[in-house]
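The data block below is work_21.cif; it holds mmCIF, C-alpha atoms.
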data_data
#
loop_
_atom_site.label_atom_id
_atom_site.label_comp_id
_atom_site.auth_asym_id
_atom_site.auth_seq_id
_atom_site.Cartn_x
_atom_site.Cartn_y
_atom_site.Cartn_z
CA MET A 87 0.00 0.00 0.00
CA THR A 88 1.36 3.42 -0.95
CA SER A 89 1.51 6.32 1.48
CA THR A 90 -1.25 8.04 -0.51
CA GLU A 91 -3.51 4.98 -0.28
CA GLU A 92 -2.78 4.64 3.45
CA SER A 93 -3.62 8.32 4.03
CA THR A 94 -6.84 7.97 2.03
CA GLY A 95 -7.82 4.89 4.03
CA LYS A 96 -7.21 6.63 7.36
CA HIS A 97 -9.26 9.63 6.25
CA GLY A 98 -12.10 7.39 5.15
CA GLY A 99 -12.05 5.53 8.46
CA ILE A 100 -12.17 8.78 10.42
CA GLN A 101 -15.04 10.01 8.26
CA VAL A 102 -17.06 6.84 8.90
CA ILE A 103 -16.52 7.17 12.67
CA ALA A 104 -17.62 10.81 12.58
CA ARG A 105 -20.73 9.91 10.60
CA ALA A 106 -21.57 7.02 12.94
CA ALA A 107 -21.16 9.35 15.93
CA SER A 108 -23.50 11.94 14.40
CA ILE A 109 -26.13 9.24 13.73
CA MET A 110 -25.90 7.99 17.33
CA ARG A 111 -26.23 11.55 18.65
CA ALA A 112 -29.35 12.02 16.52
CA LEU A 113 -30.84 8.85 18.00
CA GLY A 114 -29.75 9.91 21.49
CA ASN A 115 -31.65 13.17 21.07
CA ASN A 116 -34.72 11.21 19.98
CA PRO A 117 -35.11 8.22 22.30
CA GLN A 118 -38.44 7.27 20.71
CA GLY A 119 -36.48 6.45 17.53
CA LEU A 120 -36.20 7.88 14.03
CA SER A 121 -36.89 6.63 10.52
CA LEU A 122 -33.99 6.34 8.08
CA ALA A 123 -35.29 9.39 6.22
CA ALA A 124 -35.42 11.44 9.43
CA ILE A 125 -31.91 10.36 10.43
CA ALA A 126 -30.59 11.29 6.99
CA GLN A 127 -32.21 14.71 7.30
CA VAL A 128 -30.74 15.35 10.77
CA VAL A 129 -27.18 14.32 9.89
CA ASP A 130 -27.34 15.67 6.31
CA LEU A 131 -26.21 12.43 4.66
CA PRO A 132 -27.66 10.33 1.79
CA ARG A 133 -30.15 7.73 2.97
CA SER A 134 -28.04 4.94 1.43
CA THR A 135 -25.02 6.04 3.51
CA VAL A 136 -27.12 6.14 6.66
CA GLN A 137 -28.46 2.64 5.89
CA ARG A 138 -24.94 1.18 5.58
CA ILE A 139 -23.77 2.74 8.85
CA ILE A 140 -26.98 1.75 10.68
CA ASN A 141 -26.51 -1.86 9.51
CA ALA A 142 -22.95 -1.92 10.88
CA LEU A 143 -24.04 -0.39 14.20
CA ALA A 144 -26.89 -2.91 14.48
CA VAL A 145 -24.46 -5.82 14.17
CA GLU A 146 -22.69 -4.44 17.30
CA HIS A 147 -26.07 -3.88 19.04
CA LEU A 148 -25.35 -0.15 19.24
CA VAL A 149 -28.66 0.53 17.46
CA LYS A 150 -31.76 -1.61 17.03
CA ALA A 151 -34.92 -1.59 14.98
CA ARG A 152 -37.82 0.03 16.82
CA GLY A 153 -40.42 -2.54 15.79
CA PRO A 154 -43.24 -2.82 13.24
CA SER A 155 -43.44 0.95 12.86
CA GLY A 156 -39.95 0.96 11.34
CA GLY A 157 -36.96 3.13 12.10
CA PHE A 158 -34.23 2.75 14.69
CA ARG A 159 -33.27 3.69 18.22
CA LEU A 160 -30.13 3.27 20.34
CA GLY A 161 -29.41 -0.35 21.22
CA PRO A 162 -28.56 -2.15 24.48
CA ALA A 163 -24.81 -2.14 23.90
CA PHE A 164 -24.83 1.67 23.97
CA GLY A 165 -26.53 1.65 27.36
CA GLN A 166 -23.97 -0.82 28.68
CA LEU A 167 -21.14 1.46 27.58
CA ILE A 168 -22.72 4.42 29.38
CA THR A 169 -23.19 2.41 32.57
CA GLN A 170 -19.58 1.28 32.50
CA THR A 171 -18.07 4.71 31.85
CA GLN A 172 -20.42 7.31 33.36
CA MET A 173 -18.84 9.26 36.20
CA ASP A 174 -20.69 11.13 38.92
CA ILE A 175 -21.29 14.86 38.62
CA ILE A 176 -18.63 15.75 41.21
CA SER A 177 -15.88 13.87 39.36
CA LEU A 178 -16.94 15.40 36.06
CA VAL A 179 -17.09 18.99 37.30
CA ARG A 180 -14.15 19.06 39.73
CA PRO A 181 -11.40 19.68 37.11
CA HIS A 182 -13.41 22.64 35.80
CA LEU A 183 -13.99 23.98 39.33
CA THR A 184 -10.27 23.73 39.99
CA SER A 185 -9.39 25.50 36.75
CA LEU A 186 -11.95 28.24 37.49
CA SER A 187 -10.56 28.75 40.99
CA GLU A 188 -7.01 29.00 39.67
CA GLN A 189 -8.09 31.44 36.98
CA VAL A 190 -9.90 33.90 39.27
CA GLN A 191 -7.89 33.13 42.43
CA GLU A 192 -11.05 32.68 44.49
CA SER A 193 -12.95 29.77 46.04
CA THR A 194 -15.45 27.95 43.82
CA CYS A 195 -18.21 25.44 44.49
CA LEU A 196 -20.72 23.06 42.93
CA SER A 197 -24.22 23.05 44.44
CA SER A 198 -27.67 21.52 44.07
CA LEU A 199 -31.09 22.55 45.32
CA SER A 200 -32.58 20.79 48.36
CA GLY A 201 -35.98 22.30 49.18
CA ASP A 202 -35.39 25.96 50.02
CA LYS A 203 -31.70 25.30 50.76
CA VAL A 204 -28.70 24.99 48.49
CA TYR A 205 -26.47 21.99 49.16
CA VAL A 206 -22.71 22.39 48.64
CA MET A 207 -21.59 19.21 46.89
CA ASP A 208 -17.96 20.13 46.25
CA ARG A 209 -15.66 23.12 46.61
CA ILE A 210 -12.19 24.31 45.75
CA VAL A 211 -10.57 26.70 48.25
CA ALA A 212 -8.40 29.43 46.76
CA GLU A 213 -4.72 29.36 47.65
CA ARG A 214 -4.24 32.89 48.97
CA GLU A 215 -3.91 34.62 52.34
CA LEU A 216 -7.43 36.10 52.53
CA ARG A 217 -9.75 33.40 51.23
CA VAL A 218 -13.25 32.05 51.73
CA VAL A 219 -13.42 28.58 53.29
CA PHE A 220 -16.69 26.67 53.74
CA PRO A 221 -17.35 22.97 54.34
CA ILE A 222 -18.68 20.50 51.80
CA GLY A 223 -22.15 19.27 52.70
CA ILE A 224 -23.53 22.44 54.26
CA HIS A 225 -27.10 23.55 53.53
CA VAL A 226 -27.51 27.33 53.27
CA PRO A 227 -30.56 29.46 52.33
CA ALA A 228 -31.01 29.32 48.56
CA MET A 229 -32.74 32.72 48.57
CA ALA A 230 -29.61 34.47 49.87
CA THR A 231 -26.94 32.84 47.72
CA SER A 232 -26.14 33.14 44.03
CA GLY A 233 -25.91 29.36 43.60
CA GLY A 234 -29.34 28.98 45.14
CA LYS A 235 -30.87 31.76 43.06
CA VAL A 236 -29.96 30.28 39.67
CA LEU A 237 -31.60 27.02 40.77
CA LEU A 238 -34.67 28.68 42.28
CA ALA A 239 -35.11 30.62 39.04
CA GLU A 240 -35.77 27.35 37.20
CA LEU A 241 -38.84 26.58 39.32
CA PRO A 242 -42.38 27.58 38.24
CA GLU A 243 -43.60 30.75 39.98
CA ASP A 244 -46.38 28.96 41.86
CA THR A 245 -43.83 26.45 43.19
CA LEU A 246 -41.56 29.32 44.22
CA ARG A 247 -44.31 31.14 46.08
CA ALA A 248 -45.21 27.94 47.93
CA LEU A 249 -41.56 27.27 48.76
CA LEU A 250 -40.56 30.74 49.94
CA PRO A 251 -42.14 31.96 53.20
CA ASP A 252 -43.57 35.46 53.53
CA PRO A 253 -41.83 37.30 55.02
CA LEU A 254 -38.47 35.77 54.12
CA PRO A 255 -36.03 35.35 57.01
CA ALA A 256 -33.23 37.93 56.81
CA CYS A 257 -29.66 36.64 57.00
CA THR A 258 -28.21 40.15 56.83
CA ALA A 259 -29.45 43.70 56.35
CA LYS A 260 -28.84 43.19 52.61
CA SER A 261 -31.14 40.14 52.32
CA LEU A 262 -33.94 40.66 49.79
CA LYS A 263 -37.64 40.85 50.61
CA ARG A 264 -39.85 38.18 49.05
CA GLU A 265 -41.31 40.21 46.16
CA ALA A 266 -37.93 41.74 45.35
CA LEU A 267 -36.41 38.26 45.23
CA LEU A 268 -39.17 36.94 42.97
CA ALA A 269 -38.64 39.87 40.59
CA GLN A 270 -34.88 39.29 40.61
CA LEU A 271 -35.32 35.60 39.85
CA LYS A 272 -37.06 36.48 36.58
CA ASP A 273 -33.91 38.34 35.49
CA VAL A 274 -31.76 35.44 36.69
CA LYS A 275 -33.87 33.03 34.64
CA ALA A 276 -33.29 35.12 31.53
CA SER A 277 -29.53 35.57 32.03
CA GLY A 278 -28.58 32.28 33.70
CA VAL A 279 -26.33 34.21 36.10
CA ALA A 280 -27.01 35.32 39.68
CA THR A 281 -25.24 37.38 42.35
CA ASP A 282 -25.29 37.57 46.12
CA GLU A 283 -24.00 40.87 47.46
CA ASN A 284 -23.63 40.52 51.25
CA GLU A 285 -27.06 38.85 51.40
CA TYR A 286 -25.99 35.69 53.22
CA ILE A 287 -22.91 36.90 55.13
CA GLU A 288 -21.75 40.50 55.51
CA GLY A 289 -18.47 41.01 53.67
CA LEU A 290 -19.05 38.06 51.33
CA CYS A 291 -20.23 38.06 47.71
CA SER A 292 -20.82 35.28 45.23
CA TYR A 293 -21.55 34.86 41.53
CA ALA A 294 -23.14 31.76 40.03
CA ALA A 295 -24.14 30.19 36.72
CA LEU A 296 -26.63 27.42 36.02
CA LEU A 297 -25.44 24.02 34.78
CA ASP A 298 -28.07 22.23 32.70
CA THR A 299 -26.74 18.66 32.36
CA TYR A 300 -28.11 15.24 31.55
CA LEU A 301 -27.46 14.44 35.22
CA GLY A 302 -29.72 17.28 36.36
CA LEU A 303 -29.55 20.99 37.23
CA TYR A 304 -26.65 22.31 39.32
CA SER A 305 -24.91 25.61 39.95
CA ILE A 306 -21.27 26.62 39.90
CA SER A 307 -20.26 29.60 42.01
CA ILE A 308 -17.34 31.90 42.72
CA VAL A 309 -17.28 33.05 46.36
CA ALA A 310 -15.08 35.99 47.36
CA PRO A 311 -14.66 38.77 49.93
CA THR A 312 -16.80 41.78 48.99
CA SER A 313 -13.75 44.03 48.67
CA ARG A 314 -12.42 41.94 45.78
CA ALA A 315 -15.75 40.86 44.29
CA MET A 316 -16.94 44.43 43.72
CA ILE A 317 -13.86 45.10 41.59
CA ALA A 318 -13.74 41.80 39.69
CA GLY A 319 -17.46 41.04 39.28
CA GLY A 320 -17.49 41.38 35.50
CA ARG A 321 -14.42 39.17 35.15
CA PHE A 322 -15.97 36.57 37.47
CA GLN A 323 -19.18 36.43 35.44
CA HIS A 324 -17.26 36.00 32.18
CA ALA A 325 -15.12 33.23 33.69
CA LEU A 326 -18.26 31.48 34.96
CA GLN A 327 -19.87 31.55 31.52
CA VAL A 328 -16.76 30.07 29.92
CA CYS A 329 -16.61 27.37 32.61
CA LYS A 330 -20.32 26.61 32.14
CA LYS A 331 -19.85 26.28 28.37
CA ASN A 332 -16.91 23.92 28.80
CA ILE A 333 -18.81 21.69 31.23
CA GLU A 334 -22.03 21.61 29.19
CA GLU A 335 -20.11 20.71 26.03
CA VAL A 336 -19.26 17.44 27.80
CA ILE A 337 -22.37 16.67 29.88
CA GLY A 338 -24.94 19.21 28.75
CA ARG A 339 -28.52 18.29 28.00
CA MET A 340 -29.38 18.14 24.28
CA PRO A 341 -32.91 19.53 23.99
CA ARG A 342 -33.57 19.20 20.25
CA THR A 343 -36.08 16.46 19.37
CA ILE A 344 -37.14 15.56 15.85
CA HIS A 345 -39.99 13.13 15.16
CA GLY A 346 -39.91 10.81 12.21
#

Using the file provided, produce a representation of the structure as structure tokens.
Amino acid sequence: MTSTEESTGKHGGIQVIARAASIMRALGNNPQGLSLAAIAQVVDLPRSTVQRIINALAVEHLVKARGPSGGFRLGPAFGQLITQTQMDIISLVRPHLTSLSEQVQESTCLSSLSGDKVYVMDRIVAERELRVVFPIGIHVPAMATSGGKVLLAELPEDTLRALLPDPLPACTAKSLKREALLAQLKDVKASGVATDENEYIEGLCSYAALLDTYLGLYSISIVAPTSRAMIAGGRFQHALQVCKKNIEEVIGRMPRTIHG
């Protein structure tokens, strides 16, 4: 085999893998299954090409026919691979939390919503003289923290009103009243970013972004002394958005669904 033939063969093999991956993503986005014509439309390939790749994937049980109605869905072997390789959310996010902390030189954390509290699942403490240190596993008021706000903002308004007491308990003099918080949550919902400016602890600020993953909804936060946060707030928010994008590229939810 000549070097040109070898190079052409490698390129063709890579192209087939890329096409197979795009077909499996299309089926993953549509768990009810898709017809060959619908798959071809989604991946922008000729139907004959899709048929050949589907046949090869079916031999390996990575896809299977969806029954008398025709079409295909992901097969049992794909589920087995996911079960064998899927990591928990903490392991997946920790490298990004660490990188974010190193970038902004502040403490960062991963949180989830637990009733009207936010649960700190993991945290990275900044390596500097004046730093914010908080334990993993603590439950703090979601209404007064940025990580809690981005998660509360995802709830329907009637659920929010039932969850949040009136009046809200005040953690500090800066804590928001109930109606002010509900109004703020609408803005948070639109932007995907929230702030806490001395609302939970005097002298402490935080910024958070929502993580929408196939493992559920979480928040990532930067927590810093107010003196530094007021100066670097814009930089923190930009860093959070980049971190969010990087995480969701790996474990983000894929909302598009096409029937066919």

Q.
Which residue is closest to A:Thr281? Choose from A:Leu249, A:Ala230, A:Ala259, A:Ile140 and count only C-alpha atoms.
A.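 Nearest to A:Thr281: A:Ala230.
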
Report as JSON lines the residues of stretch 275-325 of chain A within 12 Å of stretch 207-225 of chain A, each with its shortest atom pair and distance in Å (one decimal), using only C-alpha atoms, ordered by chain and increasing residue number.
{"residue": "A:Ile287", "atom": "CA", "partner": "A:Val218", "partner_atom": "CA", "distance": 11.3}
{"residue": "A:Gly289", "atom": "CA", "partner": "A:Val218", "partner_atom": "CA", "distance": 10.5}
{"residue": "A:Leu290", "atom": "CA", "partner": "A:Val218", "partner_atom": "CA", "distance": 8.4}
{"residue": "A:Cys291", "atom": "CA", "partner": "A:Val218", "partner_atom": "CA", "distance": 10.0}
{"residue": "A:Ser292", "atom": "CA", "partner": "A:Val218", "partner_atom": "CA", "distance": 10.5}
{"residue": "A:Tyr304", "atom": "CA", "partner": "A:Met207", "partner_atom": "CA", "distance": 9.6}
{"residue": "A:Ser305", "atom": "CA", "partner": "A:Met207", "partner_atom": "CA", "distance": 10.0}
{"residue": "A:Ile306", "atom": "CA", "partner": "A:Arg209", "partner_atom": "CA", "distance": 9.4}
{"residue": "A:Ser307", "atom": "CA", "partner": "A:Arg209", "partner_atom": "CA", "distance": 9.2}
{"residue": "A:Ile308", "atom": "CA", "partner": "A:Ile210", "partner_atom": "CA", "distance": 9.7}
{"residue": "A:Val309", "atom": "CA", "partner": "A:Val218", "partner_atom": "CA", "distance": 6.8}
{"residue": "A:Ala310", "atom": "CA", "partner": "A:Val218", "partner_atom": "CA", "distance": 6.2}
{"residue": "A:Pro311", "atom": "CA", "partner": "A:Val218", "partner_atom": "CA", "distance": 7.1}
{"residue": "A:Thr312", "atom": "CA", "partner": "A:Val218", "partner_atom": "CA", "distance": 10.7}
{"residue": "A:Ser313", "atom": "CA", "partner": "A:Leu216", "partner_atom": "CA", "distance": 10.9}
{"residue": "A:Arg314", "atom": "CA", "partner": "A:Leu216", "partner_atom": "CA", "distance": 10.2}
{"residue": "A:Ala315", "atom": "CA", "partner": "A:Val218", "partner_atom": "CA", "distance": 11.8}

Let me see the file: selected residues, C-alpha atoms, as an mmCIF file, in the coordinates of the input.
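What follows is the written file again_2.cif:
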data_model
loop_
_atom_site.group_PDB
_atom_site.id
_atom_site.type_symbol
_atom_site.label_atom_id
_atom_site.label_comp_id
_atom_site.auth_asym_id
_atom_site.auth_seq_id
_atom_site.Cartn_x
_atom_site.Cartn_y
_atom_site.Cartn_z
ATOM 1 C CA ILE A 287 -22.910 36.900 55.130
ATOM 2 C CA GLY A 289 -18.470 41.010 53.670
ATOM 3 C CA LEU A 290 -19.050 38.060 51.330
ATOM 4 C CA CYS A 291 -20.230 38.060 47.710
ATOM 5 C CA SER A 292 -20.820 35.280 45.230
ATOM 6 C CA TYR A 304 -26.650 22.310 39.320
ATOM 7 C CA SER A 305 -24.910 25.610 39.950
ATOM 8 C CA ILE A 306 -21.270 26.620 39.900
ATOM 9 C CA SER A 307 -20.260 29.600 42.010
ATOM 10 C CA ILE A 308 -17.340 31.900 42.720
ATOM 11 C CA VAL A 309 -17.280 33.050 46.360
ATOM 12 C CA ALA A 310 -15.080 35.990 47.360
ATOM 13 C CA PRO A 311 -14.660 38.770 49.930
ATOM 14 C CA THR A 312 -16.800 41.780 48.990
ATOM 15 C CA SER A 313 -13.750 44.030 48.670
ATOM 16 C CA ARG A 314 -12.420 41.940 45.780
ATOM 17 C CA ALA A 315 -15.750 40.860 44.290
#

On this file, the PyMOL selection byres ((chain A and resi 175) around 12) gives some set of residues; write that set as JSON, numbers by chain. {"A": [172, 173, 174, 176, 177, 178, 179, 180, 181, 182, 183, 196, 197, 198, 207, 208, 297, 298, 299, 300, 301, 302, 303, 304, 305, 306, 333, 334, 336, 337, 338]}

So that I can check the surroundings of A:Ala228, please list as a ChimeraX atom specification every protein, DNA and RNA residue that reaches within 7 Å of it, counting all atoms listed in the file and ignoring chain neighbours fewer than 6 positions away.
/A:202-204,234-235

Among A:Ser232, A:Ser134, A:Ser185, A:Gln270, A:Asn284 is approached most closely, using all atoms listed in the file, by A:Ser232
